[in-house]
>>> print(open('data-v3.cif').read())   # mmCIF, C-alpha atoms
data_model
loop_
_atom_site.label_atom_id
_atom_site.label_comp_id
_atom_site.auth_asym_id
_atom_site.auth_seq_id
_atom_site.Cartn_x
_atom_site.Cartn_y
_atom_site.Cartn_z
CA MET A 1 3.19 -33.13 30.04
CA SER A 2 2.93 -29.39 30.31
CA THR A 3 6.13 -27.70 29.28
CA ALA A 4 5.71 -24.09 28.46
CA ALA A 5 2.41 -23.49 30.19
CA THR A 6 3.48 -21.11 32.92
CA ALA A 7 6.96 -20.22 31.77
CA ASP A 8 6.32 -16.51 31.60
CA ALA A 9 3.64 -16.12 34.22
CA SER A 10 5.88 -13.94 36.37
CA SER A 11 6.34 -11.30 33.73
CA SER A 12 2.70 -11.19 32.80
CA GLY A 13 0.90 -7.98 33.70
CA ASP A 14 -2.68 -9.16 33.57
CA THR A 15 -2.89 -11.79 36.27
CA THR A 16 -4.31 -9.19 38.63
CA GLU A 17 -7.84 -9.87 37.40
CA GLY A 18 -7.80 -13.06 39.45
CA SER A 19 -7.54 -16.54 38.03
CA VAL A 20 -6.43 -16.83 34.42
CA ARG A 21 -8.21 -19.50 32.43
CA LEU A 22 -6.04 -22.29 31.08
CA LEU A 23 -6.69 -23.92 27.75
CA THR A 24 -5.65 -27.48 26.97
CA LEU A 25 -4.11 -28.03 23.55
CA GLN A 26 -3.32 -31.44 22.15
CA SER A 27 -0.85 -31.88 19.31
CA GLU A 28 -1.28 -34.31 16.46
CA ASP A 29 1.05 -36.80 18.13
CA GLY A 30 -0.80 -36.65 21.44
CA GLU A 31 1.27 -34.20 23.49
CA VAL A 32 -0.84 -32.08 25.81
CA PHE A 33 -0.07 -28.46 26.66
CA GLU A 34 -1.77 -26.17 29.12
CA VAL A 35 -1.64 -22.58 27.98
CA LYS A 36 -3.07 -19.36 29.40
CA GLU A 37 -6.09 -18.27 27.43
CA THR A 38 -4.70 -14.72 27.16
CA ILE A 39 -1.65 -16.12 25.41
CA ALA A 40 -3.26 -18.71 23.18
CA THR A 41 -5.75 -16.21 21.77
CA GLN A 42 -2.89 -14.74 19.71
CA SER A 43 -4.11 -17.48 17.40
CA VAL A 44 -7.13 -16.13 15.55
CA THR A 45 -8.40 -19.69 15.20
CA ILE A 46 -8.27 -20.35 18.95
CA LYS A 47 -9.66 -16.91 19.74
CA GLY A 48 -12.64 -17.77 17.56
CA MET A 49 -13.18 -20.98 19.52
CA VAL A 50 -12.95 -19.14 22.84
CA ASP A 51 -15.37 -16.46 21.66
CA ASP A 52 -17.80 -19.15 20.53
CA ASP A 53 -17.43 -20.97 23.85
CA CYS A 54 -16.03 -24.04 22.09
CA ALA A 55 -12.77 -24.11 24.06
CA THR A 56 -14.05 -25.82 27.19
CA SER A 57 -12.49 -29.21 26.60
CA THR A 58 -9.17 -30.28 25.05
CA ILE A 59 -8.52 -28.51 21.74
CA PRO A 60 -7.00 -30.82 19.14
CA VAL A 61 -4.37 -29.08 17.02
CA CYS A 62 -4.28 -31.29 13.96
CA ASN A 63 -1.32 -31.28 11.59
CA VAL A 64 0.97 -29.80 14.26
CA THR A 65 3.45 -31.96 16.14
CA GLY A 66 4.26 -31.52 19.83
CA ARG A 67 7.72 -30.27 18.96
CA THR A 68 6.32 -27.55 16.72
CA LEU A 69 3.51 -26.67 19.13
CA ALA A 70 6.12 -26.13 21.86
CA MET A 71 7.90 -23.68 19.54
CA VAL A 72 4.61 -21.92 18.83
CA ILE A 73 3.89 -21.61 22.56
CA GLU A 74 7.38 -20.20 23.10
CA TRP A 75 6.55 -17.63 20.44
CA TRP A 76 3.28 -16.77 22.17
CA ASN A 77 5.03 -16.33 25.51
CA LYS A 78 7.59 -14.00 24.01
CA HIS A 79 4.96 -11.98 22.20
CA GLU A 80 2.26 -11.74 24.85
CA ILE A 81 0.98 -8.19 25.03
CA GLY A 82 2.58 -6.44 27.99
CA ALA A 83 4.89 -9.37 28.66
CA VAL A 84 7.83 -8.32 26.57
CA SER A 85 9.65 -5.26 27.74
CA ASN A 86 13.02 -6.19 26.35
CA GLU A 87 12.94 -5.35 22.66
CA LYS A 88 16.58 -6.36 22.19
CA GLU A 89 16.08 -9.81 23.67
CA LEU A 90 13.09 -10.38 21.42
CA LYS A 91 15.02 -9.31 18.33
CA GLU A 92 17.80 -11.69 19.30
CA TRP A 93 15.39 -14.56 19.74
CA GLU A 94 13.71 -13.76 16.41
CA SER A 95 17.08 -13.60 14.67
CA GLN A 96 17.36 -17.37 14.89
CA PHE A 97 14.92 -17.40 12.00
CA ASP A 98 17.14 -15.18 9.90
CA THR A 99 19.44 -17.89 8.72
CA ILE A 100 17.91 -20.89 7.05
CA ASP A 101 20.89 -22.76 5.75
CA ASP A 102 20.57 -26.47 6.20
CA LYS A 103 17.69 -28.78 5.71
CA SER A 104 16.79 -29.13 9.39
CA ASP A 105 16.49 -25.34 9.75
CA ARG A 106 14.31 -25.32 6.72
CA ASP A 107 12.10 -28.11 8.00
CA ASP A 108 11.65 -26.32 11.34
CA VAL A 109 10.52 -23.18 9.58
CA TYR A 110 8.24 -25.21 7.32
CA ASP A 111 6.60 -26.78 10.38
CA LEU A 112 6.20 -23.38 12.00
CA LEU A 113 4.76 -21.95 8.80
CA MET A 114 2.16 -24.69 8.58
CA ALA A 115 1.27 -24.26 12.25
CA ALA A 116 1.10 -20.46 11.96
CA ASN A 117 -1.11 -20.84 8.92
CA TYR A 118 -3.39 -23.43 10.50
CA LEU A 119 -3.71 -21.59 13.81
CA ASN A 120 -3.79 -18.23 12.03
CA ILE A 121 -1.09 -16.38 13.98
CA PRO A 122 -0.33 -13.33 11.82
CA THR A 123 2.84 -12.22 13.65
CA LEU A 124 4.44 -15.65 13.48
CA LEU A 125 3.41 -16.11 9.86
CA ASP A 126 4.94 -12.74 8.92
CA CYS A 127 8.15 -13.54 10.75
CA CYS A 128 8.58 -16.97 9.13
CA THR A 129 7.53 -15.95 5.64
CA SER A 130 9.87 -12.95 5.63
CA ALA A 131 12.69 -15.18 6.88
CA VAL A 132 12.10 -17.60 4.02
CA ALA A 133 11.93 -14.71 1.54
CA GLU A 134 15.22 -13.41 2.89
CA ALA A 135 16.77 -16.87 2.50
CA ILE A 136 15.73 -17.35 -1.12
CA LYS A 137 15.92 -13.89 -2.62
CA GLY A 138 19.50 -14.33 -3.77
CA LYS A 139 18.91 -17.79 -5.19
CA SER A 140 18.76 -18.79 -8.84
CA THR A 141 15.52 -20.23 -10.23
CA ASP A 142 16.94 -23.77 -10.00
CA GLU A 143 18.03 -23.24 -6.41
CA MET A 144 14.56 -21.94 -5.54
CA ARG A 145 12.95 -25.03 -7.04
CA GLU A 146 15.30 -27.19 -5.02
CA PHE A 147 14.55 -25.25 -1.84
CA PHE A 148 10.79 -25.71 -2.21
CA ASP A 149 10.83 -29.18 -3.81
CA ILE A 150 9.17 -27.76 -6.89
CA LYS A 151 9.50 -29.25 -10.34
CA SER A 152 9.33 -26.70 -13.14
CA ASP A 153 6.18 -27.05 -15.21
CA PHE A 154 7.45 -24.78 -17.97
CA ASP A 155 8.83 -26.56 -20.98
CA GLU A 156 12.27 -25.49 -22.13
CA LYS A 157 11.00 -23.23 -24.89
CA GLU A 158 8.58 -21.42 -22.59
CA GLU A 159 11.23 -20.87 -19.95
CA ASP A 160 13.77 -19.59 -22.46
CA ALA A 161 11.27 -17.13 -23.87
CA LEU A 162 10.32 -15.93 -20.41
CA ARG A 163 13.94 -15.48 -19.43
CA LYS A 164 14.74 -13.57 -22.58
CA GLU A 165 11.79 -11.28 -22.01
CA ASN A 166 12.99 -10.53 -18.49
CA GLN A 167 16.72 -10.67 -19.14
CA TRP A 168 17.45 -7.59 -17.00
CA ALA A 169 16.25 -9.34 -13.85
CA PHE A 170 18.81 -12.10 -14.31
CA GLU A 171 21.71 -9.69 -14.58
CA ASN A 172 23.48 -8.33 -11.56
CA MET B 173 -4.69 -14.12 4.26
CA ASP B 174 -5.81 -14.81 0.78
CA ASN B 175 -8.95 -16.78 1.35
CA GLY B 176 -10.24 -16.17 -2.14
CA ASP B 177 -7.69 -18.54 -3.62
CA GLU B 178 -8.31 -21.57 -1.45
CA SER B 179 -9.53 -23.56 -4.39
CA LEU B 180 -6.14 -23.36 -6.07
CA PRO B 181 -4.14 -26.54 -5.68
CA SER B 182 -1.06 -26.51 -3.52
CA VAL B 183 2.24 -26.42 -5.31
CA GLY B 184 5.25 -28.50 -4.48
CA LEU B 185 5.17 -31.23 -1.92
CA VAL B 186 5.08 -29.14 1.18
CA LEU B 187 3.75 -25.63 1.18
CA PRO B 188 0.22 -24.56 0.27
CA HIS B 189 -0.56 -21.74 -2.11
CA GLU B 190 -1.43 -19.17 0.55
CA ILE B 191 1.96 -19.56 2.21
CA PHE B 192 3.77 -18.98 -1.08
CA PHE B 193 1.58 -15.91 -1.46
CA GLU B 194 2.91 -14.64 1.87
CA ILE B 195 6.55 -15.55 1.22
CA LEU B 196 6.67 -13.97 -2.23
CA SER B 197 5.02 -10.81 -0.92
CA TRP B 198 8.29 -10.00 0.90
CA MET B 199 10.50 -10.30 -2.16
CA PRO B 200 12.07 -7.34 -3.95
CA ALA B 201 10.51 -6.53 -7.32
CA LYS B 202 13.51 -7.59 -9.39
CA CYS B 203 13.63 -10.93 -7.63
CA LEU B 204 9.92 -11.47 -8.28
CA VAL B 205 10.59 -11.23 -11.99
CA ARG B 206 12.96 -14.18 -11.62
CA CYS B 207 10.42 -16.01 -9.45
CA LYS B 208 7.92 -15.79 -12.30
CA CYS B 209 10.17 -18.17 -14.23
CA VAL B 210 10.23 -20.80 -11.48
CA TYR B 211 6.74 -22.20 -11.63
CA LYS B 212 3.53 -21.47 -13.55
CA GLN B 213 1.50 -21.13 -10.38
CA TRP B 214 3.97 -18.53 -9.13
CA TYR B 215 3.75 -16.67 -12.42
CA LYS B 216 -0.03 -16.44 -12.07
CA LEU B 217 0.22 -15.52 -8.41
CA ILE B 218 2.73 -12.71 -8.99
CA GLU B 219 0.68 -11.19 -11.81
CA ASP B 220 -2.50 -11.32 -9.74
CA ARG B 221 -4.01 -8.04 -8.62
CA SER B 222 -4.47 -9.14 -5.00
CA PHE B 223 -0.79 -10.08 -4.86
CA ILE B 224 0.27 -6.72 -6.27
CA VAL B 225 -1.77 -4.92 -3.61
CA LYS B 226 -0.25 -7.10 -0.89
CA HIS B 227 3.26 -6.58 -2.23
CA LEU B 228 2.78 -2.81 -2.27
CA SER B 229 1.66 -2.91 1.36
CA ARG B 230 4.96 -4.59 2.26
CA THR B 231 7.08 -2.17 0.31
CA LYS B 232 9.16 0.37 2.10
CA THR B 233 9.72 3.82 0.70
CA VAL B 234 13.15 4.32 -0.76
CA THR B 235 14.64 7.63 -1.73
CA VAL B 236 16.34 7.79 -5.09
CA TYR B 237 17.56 10.65 -7.17
CA PHE B 238 15.79 11.16 -10.44
CA GLU B 239 17.03 12.96 -13.46
CA ASP B 240 14.86 14.48 -16.12
CA LYS B 241 15.00 12.26 -19.19
CA VAL B 242 15.59 13.58 -22.63
CA GLU B 243 14.11 11.58 -25.50
CA SER B 244 14.11 12.06 -29.23
CA PHE B 245 10.97 11.79 -31.32
CA ASP B 246 10.45 11.71 -35.02
CA VAL B 247 7.80 14.31 -35.84
CA ASP B 248 7.01 14.33 -39.55
CA GLY B 249 10.57 13.47 -40.44
CA THR B 250 12.23 15.90 -38.04
CA ILE B 251 13.89 14.66 -34.90
CA VAL B 252 12.60 16.59 -31.93
CA GLU B 253 14.12 16.38 -28.49
CA GLU B 254 11.79 16.39 -25.56
CA LYS B 255 12.75 16.76 -21.93
CA PHE B 256 10.56 14.82 -19.56
CA LYS B 257 10.05 16.27 -16.12
CA ILE B 258 8.95 14.25 -13.14
CA MET B 259 5.49 15.24 -11.93
CA ASP B 260 4.84 12.65 -9.25
CA THR B 261 5.76 9.18 -8.04
CA PHE B 262 3.65 6.40 -6.60
CA ALA B 263 4.01 2.67 -6.05
CA GLY B 264 7.30 2.43 -7.90
CA LEU B 265 5.94 4.36 -10.86
CA ILE B 266 7.28 7.68 -12.07
CA LEU B 267 4.93 10.10 -13.77
CA GLU B 268 6.69 12.18 -16.38
CA LYS B 269 5.48 14.99 -18.58
CA GLY B 270 7.18 16.60 -21.54
CA GLU B 271 8.33 20.15 -21.00
CA THR B 272 7.16 21.52 -24.33
CA SER B 273 4.55 19.01 -25.44
CA CYS B 274 1.67 17.39 -23.57
CA LYS B 275 3.28 13.96 -23.79
CA THR B 276 2.70 12.20 -20.51
CA ARG B 277 3.99 8.80 -19.54
CA LEU B 278 4.56 6.40 -16.69
CA ARG B 279 7.93 4.81 -16.10
CA ASN B 280 8.29 1.73 -13.93
CA PHE B 281 11.30 2.46 -11.80
CA THR B 282 12.30 -1.20 -11.46
CA THR B 283 11.74 -2.48 -14.96
CA GLN B 284 12.19 0.89 -16.73
CA GLU B 285 9.15 0.02 -18.85
CA ILE B 286 7.41 3.07 -20.27
CA LEU B 287 3.71 3.53 -20.84
CA TYR B 288 2.50 6.56 -22.75
CA LEU B 289 -0.79 8.00 -21.54
CA PRO B 290 -3.48 9.87 -23.41
CA ASN B 291 -2.46 13.54 -23.61
CA PRO B 292 -3.90 15.72 -20.88
CA ARG B 293 -4.75 19.38 -21.48
CA GLU B 294 -1.91 21.76 -22.15
CA LYS B 295 -1.70 23.60 -18.84
CA SER B 296 -2.24 20.92 -16.31
CA LEU B 297 -0.82 19.60 -13.10
CA ILE B 298 -0.98 15.83 -12.91
CA ILE B 299 -0.75 13.73 -9.78
CA PHE B 300 -1.43 10.22 -8.60
CA SER B 301 -4.47 9.55 -6.53
CA HIS B 302 -2.91 7.98 -3.46
CA TYR B 303 -5.80 6.36 -1.69
CA ASN B 304 -6.25 3.06 -3.36
CA LEU B 305 -7.20 -0.28 -1.87
CA SER B 306 -8.18 -2.01 -5.07
CA GLY B 307 -4.76 -1.64 -6.69
CA GLU B 308 -6.10 0.47 -9.55
CA ILE B 309 -3.90 3.35 -10.56
CA LYS B 310 -5.72 6.64 -10.94
CA LEU B 311 -4.33 9.95 -12.11
CA VAL B 312 -5.85 13.35 -11.60
CA SER B 313 -5.20 16.33 -13.80
CA VAL B 314 -5.90 19.87 -12.64
CA TYR B 315 -6.06 22.11 -15.67
CA GLY B 316 -6.40 25.84 -16.04
CA HIS B 317 -4.70 28.95 -17.30
CA GLY B 318 -2.11 31.36 -15.98
CA ASN B 319 1.33 30.67 -14.65
CA ILE B 320 1.68 27.05 -13.64
CA ASN B 321 4.83 27.84 -11.68
CA TYR B 322 2.66 29.31 -8.97
CA VAL B 323 1.20 25.92 -8.25
CA GLU B 324 2.90 24.56 -5.21
CA GLY B 325 0.97 21.93 -3.34
CA PHE B 326 -2.32 23.70 -3.55
CA VAL B 327 -4.28 25.74 -5.98
CA VAL B 328 -6.01 29.00 -5.27
CA ASP B 329 -8.69 30.35 -7.51
CA GLY B 330 -9.91 33.94 -7.62
CA TYR B 331 -8.77 34.79 -4.15
CA GLU B 332 -7.21 38.19 -3.69
CA ASP B 333 -4.19 38.36 -1.51
CA GLY B 334 -1.64 41.14 -1.08
CA ASN B 335 1.34 38.82 -1.35
CA ILE B 336 0.77 37.20 -4.70
CA ASN B 337 -0.29 38.79 -7.91
CA TYR B 338 -3.06 36.47 -8.89
CA ALA B 339 -3.36 37.93 -12.34
CA GLU B 340 -0.37 35.73 -13.14
CA ALA B 341 -1.30 32.88 -10.88
CA PHE B 342 -2.65 29.60 -12.04
CA VAL B 343 -6.42 29.66 -12.27
CA VAL B 344 -8.18 26.34 -12.20
CA ASP B 345 -10.65 25.59 -14.95
CA GLY B 346 -11.41 22.00 -14.08
CA TYR B 347 -10.36 18.48 -13.23
CA GLU B 348 -9.90 15.31 -15.17
CA VAL B 349 -9.36 11.74 -14.03
CA LEU B 350 -7.69 8.84 -15.78
CA ASN B 351 -8.15 5.31 -14.49
CA LEU B 352 -5.41 3.21 -16.10
CA ASP B 353 -7.53 0.09 -15.99
CA ARG B 354 -10.67 1.43 -17.52
CA ASP B 355 -10.21 4.74 -19.29
CA ASP B 356 -8.68 5.32 -22.68
CA LYS B 357 -9.05 9.06 -22.32
CA TRP B 358 -9.25 11.63 -19.55
CA ARG B 359 -12.66 12.00 -17.97
CA SER B 360 -13.93 15.41 -16.87
CA LEU B 361 -15.15 15.89 -13.33
CA LYS B 362 -17.90 18.26 -12.46
CA PHE B 363 -18.25 19.71 -9.01
CA PRO B 364 -21.87 19.69 -7.91
CA MET B 365 -22.73 23.30 -7.17
CA LEU B 366 -24.87 24.34 -4.28
CA LYS B 367 -27.62 26.89 -4.69
CA ASN B 368 -26.45 30.51 -4.44
CA PHE B 369 -22.89 29.30 -4.56
CA GLN B 370 -20.78 32.27 -5.54
CA THR B 371 -18.02 30.92 -7.71
CA ARG B 372 -16.32 34.29 -7.66
CA GLN B 373 -15.87 33.96 -3.94
CA CYS B 374 -14.39 30.57 -4.31
CA TYR B 375 -11.21 29.01 -3.07
CA GLU B 376 -9.80 25.73 -4.22
CA PHE B 377 -7.39 23.61 -2.32
CA LEU B 378 -5.71 20.35 -2.98
CA PHE B 379 -4.51 18.45 0.07
CA ASN B 380 -2.60 15.23 0.53
CA ASN B 381 -3.01 14.46 -3.16
CA ASP B 382 -6.37 12.90 -2.52
CA THR B 383 -8.94 15.55 -1.76
CA ILE B 384 -9.88 18.74 -3.56
CA TYR B 385 -11.85 21.36 -1.68
CA LYS B 386 -13.91 24.16 -3.07
CA VAL B 387 -15.00 26.75 -0.60
CA GLY B 388 -17.50 29.47 -1.28
CA HIS B 389 -19.90 31.95 0.30
CA ASP B 390 -23.46 32.58 -0.64
CA ASP B 391 -24.61 36.02 -1.80
CA ASP B 392 -24.96 37.71 1.54
CA GLY B 393 -22.05 35.90 3.15
CA SER B 394 -24.20 34.23 5.77
CA ASN B 395 -23.06 30.70 4.96
CA VAL B 396 -19.77 29.10 4.00
CA TYR B 397 -20.01 26.03 1.82
CA VAL B 398 -17.35 23.38 1.56
CA CYS B 399 -17.52 21.01 -1.34
CA SER B 400 -14.94 18.26 -1.21
CA PHE B 401 -13.97 15.70 -3.77
CA ASP B 402 -12.15 12.53 -2.82
CA ILE B 403 -10.04 11.56 -5.81
CA GLY B 404 -9.44 7.97 -4.73
CA SER B 405 -13.07 7.04 -4.33
CA VAL B 406 -14.38 9.65 -6.83
CA CYS B 407 -16.85 10.91 -4.23
CA PHE B 408 -18.20 14.38 -3.71
CA SER B 409 -19.58 15.69 -0.47
CA ASN B 410 -21.07 19.02 0.48
CA ASN B 411 -20.91 20.65 3.85
CA ILE B 412 -22.07 23.95 5.26
CA LEU B 413 -19.85 25.49 7.87
CA PRO B 414 -21.88 25.81 11.08
CA ARG B 415 -22.96 29.37 11.76
CA GLY B 416 -21.83 31.15 14.86
CA PHE B 417 -18.20 30.14 14.80
CA PHE B 418 -17.11 33.34 13.13
CA SER B 419 -18.29 36.86 13.59
CA ASP B 420 -17.70 37.88 10.02
CA LEU B 421 -17.79 35.15 7.42
CA TRP B 422 -16.26 37.42 4.82
CA LYS B 423 -13.05 37.45 6.80
CA VAL B 424 -12.78 33.73 7.21
CA MET B 425 -9.52 32.32 5.90
CA VAL B 426 -8.96 28.88 4.51
CA LEU B 427 -5.83 27.19 5.78
CA ASP B 428 -3.85 24.02 5.40
CA TRP B 429 -3.75 22.72 8.95
CA ASN B 430 -1.43 19.71 9.01
CA GLY B 431 -2.95 18.49 5.78
CA PHE B 432 -6.55 19.10 6.86
CA ILE B 433 -8.68 21.92 5.66
CA ALA B 434 -9.20 24.49 8.36
CA PHE B 435 -11.03 27.75 8.75
CA GLY B 436 -9.70 30.55 10.82
CA ASP B 437 -10.74 34.00 11.90
CA ILE B 438 -7.85 36.06 13.15
CA VAL B 439 -9.85 38.64 15.11
CA GLU B 440 -11.41 36.06 17.36
CA GLU B 441 -8.30 33.90 17.39
CA LYS B 442 -10.46 30.86 17.07
CA LEU B 443 -9.74 28.00 14.75
CA ASN B 444 -12.26 25.52 13.52
CA VAL B 445 -10.89 22.44 11.83
CA VAL B 446 -13.12 20.67 9.38
CA TYR B 447 -12.23 17.45 7.67
#
>>> encode(input="data-v3.cif", output="structure tokens")
Amino acid sequence: MSTAATADASSSGDTTEGSVRLLTLQSEDGEVFEVKETIATQSVTIKGMVDDDCATSTIPVCNVTGRTLAMVIEWWNKHEIGAVSNEKELKEWESQFDTIDDKSDRDDVYDLLMAANYLNIPTLLDCCTSAVAEAIKGKSTDEMREFFDIKSDFDEKEEDALRKENQWAFEN
Amino acid sequence: MDNGDESLPSVGLVLPHEIFFEILSWMPAKCLVRCKCVYKQWYKLIEDRSFIVKHLSRTKTVTVYFEDKVESFDVDGTIVEEKFKIMDTFAGLILEKGETSCKTRLRNFTTQEILYLPNPREKSLIIFSHYNLSGEIKLVSVYGHGNINYVEGFVVDGYEDGNINYAEAFVVDGYEVLNLDRDDKWRSLKFPMLKNFQTRQCYEFLFNNDTIYKVGHDDDGSNVYVCSFDIGSVCFSNNILPRGFFSDLWKVMVLDWNGFIAFGDIVEEKLNVVY
């Protein structure tokens, strides 16, 4: 299966150099994607492999599902240098990350965050982390814990003292 | 990425430490104070120097209107009012100095916390050193005598000009640095002097809040020396202006050329920019 491999080939400016090398990526659950090397090297991790000549056979992308990897590749295609001329369209596409309301949205962003972190894709990581920050900045401490599945490790006394000390930040 | 903290355990069930580091770096300062109460790991992370540096790099400049603050102090039983004037701002901190006393303090714009600093010399101009990758806050004081109102962006020393009466102008006596992390008092800086350096023929300039230049001739005017001091890195460097650019070194002017130090000679209409 090769879904997004050549989706944006037409808008790419650097195919003039002749044949573009394709890299084969395999997700954790076995899905295989063929991606242009020029696109996939937006991942610092993959770029390192290419530079070290370790990208000749299939590259296993552990911890990333096929569904998430397809989203990552879509991101790469939209952000390929020289490929995107329509700033507005890109902003619109990125705006889907702006609202993280329900749990499935959240889980998608979580998956993308883990993938962006593992593959080291700074632009994607910035986009997802700022979207999460935007989503939680108005939340109470309890709501934040719920959002991140965190259990408080402060005891009640400690938390009360800390809140008192920083009372101003809890007022509107 | 924050590779130095990889040994820290992940928090929660899902996200690793370095991702929280990234997420929290986008949060407004007031919200971060609330975040500190969520989880101990977050508390540590938010107070960490590397996080503060990252957070500052994400911060956008906002314009706010400041008012001089008036405070009352008890001096030997008498209540004295002191008006604090804003000297400089940097990284969400406001540097204030008393109008009549030498009291100098930092105010955190978000938390409104106030930190009093060791007193600088009486007639001094104090600024933040802006170049700072390590997250340390450094202040530089330029002290001297004369009329401090003449100090606007740069300082001229002993240079005769028809437009300004320099008898009243601010004359620089020296520089002091205060590193908030390490110093409990102001430290004097000494400019290394080149041989034959004529201090009487000396100009001093302060550009971009991070470099001080001293420019001087030697006795016969055959060479122009430029001594620069980078406040952020506390580094001095000496340069000699290449000969041959100007026909008469005595007529060379020192200019602020888009924030760089520049030398110009009007007769030849040539401009040599040195950084």
>>> resolve_selection(input="data-v3.cif", expression="the PyMOL selection byres ((chain A) within 10 of (chain B))", output="compact mmCIF listing (two decimals) with C-alpha atoms, in the coordinates of the input")
# COMPACT_ATOMS: atom_id res chain seq x y z
CA ASP A 107 12.10 -28.11 8.00
CA TYR A 110 8.24 -25.21 7.32
CA ASP A 111 6.60 -26.78 10.38
CA LEU A 113 4.76 -21.95 8.80
CA MET A 114 2.16 -24.69 8.58
CA ALA A 116 1.10 -20.46 11.96
CA ASN A 117 -1.11 -20.84 8.92
CA ASN A 120 -3.79 -18.23 12.03
CA PRO A 122 -0.33 -13.33 11.82
CA LEU A 125 3.41 -16.11 9.86
CA ASP A 126 4.94 -12.74 8.92
CA CYS A 127 8.15 -13.54 10.75
CA CYS A 128 8.58 -16.97 9.13
CA THR A 129 7.53 -15.95 5.64
CA SER A 130 9.87 -12.95 5.63
CA ALA A 131 12.69 -15.18 6.88
CA VAL A 132 12.10 -17.60 4.02
CA ALA A 133 11.93 -14.71 1.54
CA GLU A 134 15.22 -13.41 2.89
CA ILE A 136 15.73 -17.35 -1.12
CA LYS A 137 15.92 -13.89 -2.62
CA GLY A 138 19.50 -14.33 -3.77
CA LYS A 139 18.91 -17.79 -5.19
CA SER A 140 18.76 -18.79 -8.84
CA THR A 141 15.52 -20.23 -10.23
CA ASP A 142 16.94 -23.77 -10.00
CA GLU A 143 18.03 -23.24 -6.41
CA MET A 144 14.56 -21.94 -5.54
CA ARG A 145 12.95 -25.03 -7.04
CA PHE A 148 10.79 -25.71 -2.21
CA ASP A 149 10.83 -29.18 -3.81
CA ILE A 150 9.17 -27.76 -6.89
CA LYS A 151 9.50 -29.25 -10.34
CA SER A 152 9.33 -26.70 -13.14
CA ASP A 153 6.18 -27.05 -15.21
CA PHE A 154 7.45 -24.78 -17.97
CA GLU A 158 8.58 -21.42 -22.59
CA GLU A 159 11.23 -20.87 -19.95
CA ASP A 160 13.77 -19.59 -22.46
CA ALA A 161 11.27 -17.13 -23.87
CA LEU A 162 10.32 -15.93 -20.41
CA ARG A 163 13.94 -15.48 -19.43
CA ASN A 166 12.99 -10.53 -18.49
CA GLN A 167 16.72 -10.67 -19.14
CA TRP A 168 17.45 -7.59 -17.00
CA ALA A 169 16.25 -9.34 -13.85
CA PHE A 170 18.81 -12.10 -14.31
CA GLU A 171 21.71 -9.69 -14.58
>>> resolve_selection(input="data-v3.cif", expression="the PyMOL selection byres ((chain A and resi 68-73) around 7)", output="JSON, numbers by chain")
{"A": [4, 27, 64, 65, 66, 67, 74, 75, 76, 77, 111, 112]}
>>> atom_distance(input="data-v3.cif", atom1="atom CA of B:Lys241", atom2="atom CA of B:Ile224")
27.3 Å
>>> resolve_selection(input="data-v3.cif", expression="the PyMOL selection byres ((chain A and resi 47-62) around 7)", output="mmCIF file with C-alpha atoms, keeping the file's coordinate frame")
data_model
loop_
_atom_site.group_PDB
_atom_site.id
_atom_site.type_symbol
_atom_site.label_atom_id
_atom_site.label_comp_id
_atom_site.auth_asym_id
_atom_site.auth_seq_id
_atom_site.Cartn_x
_atom_site.Cartn_y
_atom_site.Cartn_z
ATOM 1 C CA THR A 24 -5.650 -27.480 26.970
ATOM 2 C CA LEU A 25 -4.110 -28.030 23.550
ATOM 3 C CA GLN A 26 -3.320 -31.440 22.150
ATOM 4 C CA SER A 27 -0.850 -31.880 19.310
ATOM 5 C CA GLU A 28 -1.280 -34.310 16.460
ATOM 6 C CA THR A 41 -5.750 -16.210 21.770
ATOM 7 C CA SER A 43 -4.110 -17.480 17.400
ATOM 8 C CA VAL A 44 -7.130 -16.130 15.550
ATOM 9 C CA THR A 45 -8.400 -19.690 15.200
ATOM 10 C CA ILE A 46 -8.270 -20.350 18.950
ATOM 11 C CA ASN A 63 -1.320 -31.280 11.590
ATOM 12 C CA VAL A 64 0.970 -29.800 14.260
#
>>> atom_distance(input="data-v3.cif", atom1="atom CA of A:Ala40", atom2="atom CA of A:Ser104")
26.5 Å
>>> axis_aligned_box(input="data-v3.cif", around="stretch 269-279 of chain B", padding_each_side="5 Å", output="JSON")
{"center_x": 5.0, "center_y": 13.2, "center_z": -20.8, "size_x": 16.7, "size_y": 26.7, "size_z": 19.3}
>>> residues_near_point(input="data-v3.cif", point="(14.4, 14.2, -27.9)", cutoff="12 Å", atoms="only C-alpha atoms", output="list in words")
Asp240, Lys241, Val242, Glu243, Ser244, Phe245, Asp246, Val247, Thr250, Ile251, Val252, Glu253, Glu254, Lys255, Phe256, Gly270, Glu271, Thr272, Ser273 and Lys275 of chain B
>>> atom_distance(input="data-v3.cif", atom1="atom CA of A:Thr123", atom2="atom CA of B:Ser229")
15.5 Å
>>> residues_near_point(input="data-v3.cif", point="(-6.0, -10.5, 25.2)", cutoff="9 Å", atoms="all atoms listed in the file", output="list in words")
Glu37, Thr38, Ile39, Ala40, Thr41, Gln42, Glu80 and Ile81 of chain A
>>> residues_around(input="data-v3.cif", residues="B:Pro292", least_positions_apart="6", cutoff="12 Å", atoms="all atoms listed in the file", output="ChimeraX atom specification")
/B:269-270,273-277,298-299,311-316,346-350,356-360
